[in-house]
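Q: Sharing a structure here in structure tokens format.
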Amino acid sequence: RVYCVRAEGDHVFLHADAIAAGVQIGVQQSWSLKNLPVLQWQWRAVLFPQGTNEREKNKNDSVLAVYVVFGHLPFINTIKYVWSDTLPVGTTFVSPTSGNTKIIVVRNGRAQANTWITEKRDLLADYRQVFGDKEKDPIATGFVVLTDSDNTGTHAIGDYEHIQFLGDGISRP
């Protein structure tokens with residue numbers, strides 16, 4: 001079992017413990033990015049998988065990742081936000097395992113390991129950056145988290161809390 005719910009003090013969170021495993025867990029739900037364009041969450045990196053590089057297929061493991069899904073099978077696009085051990089913050093690229101997944105590094109390194117960090121992203125701006133602006137009102141169809149270590153055959157532990165999709169008060173045409 002990779003995922004379970006845990007509590008520590010005021011925190012109730014999804015705990016992930018992946019030993020040479022890559023298992024996603026998520027929720028299917030649709031919403032308009034025009035109405036809820038902001039993604040906010042908390043996460044905590046505990047144990048980083050060894051020898052990772054998300055750009056390379058055989059090293060594509062992350063201690064923490066949050067995906068937002070667009071579309072339905074067989075036509076799915078995703079944005080994957082990662083806490084990378086090695087790649088710099090702001091690095092954006094196409095996943096080596098799926099051409100329809102765009103990866104954005106939002107945090108990196110081990111300096112803040114074992115600390116709860118709040119992330120906030122303008123999901124609509126990120127969508128337009130990686131997929132273009134052909135779609136006036138992109139519709140998200142779900143979100144997924146992934147703590148994985150299957151490609152490196154190592155061990156990863158991380159925690160997720162308070163994943164929220166919010167309005168930002170900005171009127172968009």
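Residues are referred to by chain and number: the chain letter is A, B, ... according to the order shown in the structure tokens, the number counts from 1 in that chain, and ligands are numbered separately from 1 in the order shown.
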Considering only strand (DSSP E) as DSSP defines it on the backbone, what residues of chain A qualify? List them as an MDAnalysis selection string.
A: chainID A and resid 3:8 11:19 22:32 38:47 64:72 75:84 92:94 101:108 117:122 139:148 155:166
Q: Between range 29-48 of chain A and range 111-126 of chain A, at 7 Å or less, what are the per-residue closest atom pairs and their distances in Å? Count only C-alpha atoms, order by chain and rising residue number, and return it as a tab-separated table.
A:
residue	atom	partner	partner_atom	distance
A:Leu33	CA	A:Leu124	CA	5.8
A:Pro37	CA	A:Leu124	CA	5.1
A:Val38	CA	A:Asp122	CA	4.8
A:Leu39	CA	A:Arg121	CA	5.2
A:Gln40	CA	A:Lys120	CA	4.3
A:Trp41	CA	A:Glu119	CA	5.4
A:Gln42	CA	A:Thr118	CA	4.3
A:Trp43	CA	A:Ile117	CA	5.5
A:Arg44	CA	A:Trp116	CA	4.7
A:Ala45	CA	A:Ala113	CA	5.0
A:Val46	CA	A:Asn114	CA	5.1
Q: Could you save those same residues with C-alpha atoms as a PDB file, in the first residue's frame?
A:
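And here's out-v4.pdb as it stands now:
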ATOM      1  CA  LEU A  33     -10.309  27.190 -15.236  1.00  0.00           C
ATOM      2  CA  PRO A  37      -7.942  29.254 -12.090  1.00  0.00           C
ATOM      3  CA  VAL A  38      -5.776  28.940  -8.974  1.00  0.00           C
ATOM      4  CA  LEU A  39      -4.332  25.695  -7.621  1.00  0.00           C
ATOM      5  CA  GLN A  40      -3.083  25.738  -4.041  1.00  0.00           C
ATOM      6  CA  TRP A  41      -1.755  22.858  -1.948  1.00  0.00           C
ATOM      7  CA  GLN A  42       0.618  21.897   0.832  1.00  0.00           C
ATOM      8  CA  TRP A  43       3.234  19.191   0.621  1.00  0.00           C
ATOM      9  CA  ARG A  44       6.166  17.863   2.583  1.00  0.00           C
ATOM     10  CA  ALA A  45       9.100  15.934   1.146  1.00  0.00           C
ATOM     11  CA  VAL A  46      10.391  13.324   3.595  1.00  0.00           C
TER      12      VAL A  46
END
Q: Go through A:Asp133, A:Ser95, A:Ile139, A:Val105 one by one, measure the shortest atom-to-atom distance of each to Lys57 in chain A using only C-alpha atoms, and give the residue with the smallest value.
A: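 Of A:Asp133, A:Ser95, A:Ile139, A:Val105, the one nearest Lys57 in chain A, counting only C-alpha atoms, is A:Ser95.
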Q: Have a look at CA of Thr101 in chain A and CA of Val145 in chain A and let me know their distance in Å, one decimal.
A: 13.8 Å
Q: Which is closer to Leu14 in chain A than all the others in A:Val94, A:Val89, A:Val68, A:Ile157, using only C-alpha atoms?
A: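 Checking each of A:Val94, A:Val89, A:Val68, A:Ile157 against Leu14 in chain A, counting only C-alpha atoms, the winner is A:Ile157.
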Q: Using only C-alpha atoms, which residues sit within 7 Å of range 96-100 of chain A once same-chain residues fewer than 2 positions away are excluded, as a PDB file with N, CA and C atoms, in the first residue's frame?
A:
ATOM      1  N   ARG A  55      13.657  14.495 -16.463  1.00  0.00           N
ATOM      2  CA  ARG A  55      13.786  14.610 -17.921  1.00  0.00           C
ATOM      3  C   ARG A  55      14.104  13.268 -18.592  1.00  0.00           C
ATOM      4  N   GLU A  56      14.611  12.305 -17.827  1.00  0.00           N
ATOM      5  CA  GLU A  56      15.038  11.028 -18.391  1.00  0.00           C
ATOM      6  C   GLU A  56      14.069   9.914 -18.006  1.00  0.00           C
ATOM      7  N   LYS A  57      13.656   9.130 -18.994  1.00  0.00           N
ATOM      8  CA  LYS A  57      12.643   8.094 -18.783  1.00  0.00           C
ATOM      9  C   LYS A  57      13.029   7.099 -17.677  1.00  0.00           C
ATOM     10  N   ILE A  76      -6.155  12.871 -23.463  1.00  0.00           N
ATOM     11  CA  ILE A  76      -5.890  13.494 -22.171  1.00  0.00           C
ATOM     12  C   ILE A  76      -4.604  14.306 -22.252  1.00  0.00           C
ATOM     13  N   ASN A  77      -4.646  15.501 -21.689  1.00  0.00           N
ATOM     14  CA  ASN A  77      -3.465  16.323 -21.467  1.00  0.00           C
ATOM     15  C   ASN A  77      -3.328  16.521 -19.965  1.00  0.00           C
ATOM     16  N   THR A  78      -2.108  16.661 -19.475  1.00  0.00           N
ATOM     17  CA  THR A  78      -1.913  16.910 -18.049  1.00  0.00           C
ATOM     18  C   THR A  78      -0.788  17.910 -17.830  1.00  0.00           C
ATOM     19  N   VAL A  94       8.402  18.607 -21.664  1.00  0.00           N
ATOM     20  CA  VAL A  94       7.488  17.512 -21.980  1.00  0.00           C
ATOM     21  C   VAL A  94       7.988  16.268 -21.269  1.00  0.00           C
ATOM     22  N   LYS A 102       2.916  17.850 -19.539  1.00  0.00           N
ATOM     23  CA  LYS A 102       3.908  18.925 -19.427  1.00  0.00           C
ATOM     24  C   LYS A 102       4.290  19.031 -17.954  1.00  0.00           C
TER      25      LYS A 102
END
Q: Pick from A:Thr141, A:Gln164, A:Thr86, A:Ser32: nearest to Arg110 in chain A, with only C-alpha atoms counted?
A: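 Counting only C-alpha atoms, the residue closest to Arg110 in chain A is A:Thr86.
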Q: Measuring between only C-alpha atoms, which one of A:Ile25, A:Leu73, A:Val106, A:Ala20 shows the shortest distance to Lys59 in chain A?
A: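 Result for the nearest residue to Lys59 in chain A: A:Ala20.
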Q: Could you pull the residues within 9 Å of Tyr3 in chain A, counting only C-alpha atoms, minus those fewer than 5 positions along the same chain, as a list of chain:residue names?
A: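 Non-adjacent residues within range: A:Leu14, A:His15, A:Ala16, A:Asp17, A:Ala18, A:Val23, A:Ile25.
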Q: Find, counting only C-alpha atoms, the residue in A:Ser62, A:Thr52, A:Val2, A:Ile79 that gets nearest to Ala140 in chain A.
A: A:Ile79
Q: So, counting only C-alpha atoms, which residue among A:Asp148, A:Phe75, A:Asp10, A:Tyr160 is closest to Asp61 in chain A?
A: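 The answer is A:Asp148, which sits nearest to Asp61 in chain A.
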Q: What is the CA of Trp31 in chain A-CA of Ala65 in chain A distance in Å, reported with one decimal?
A: 20.4 Å
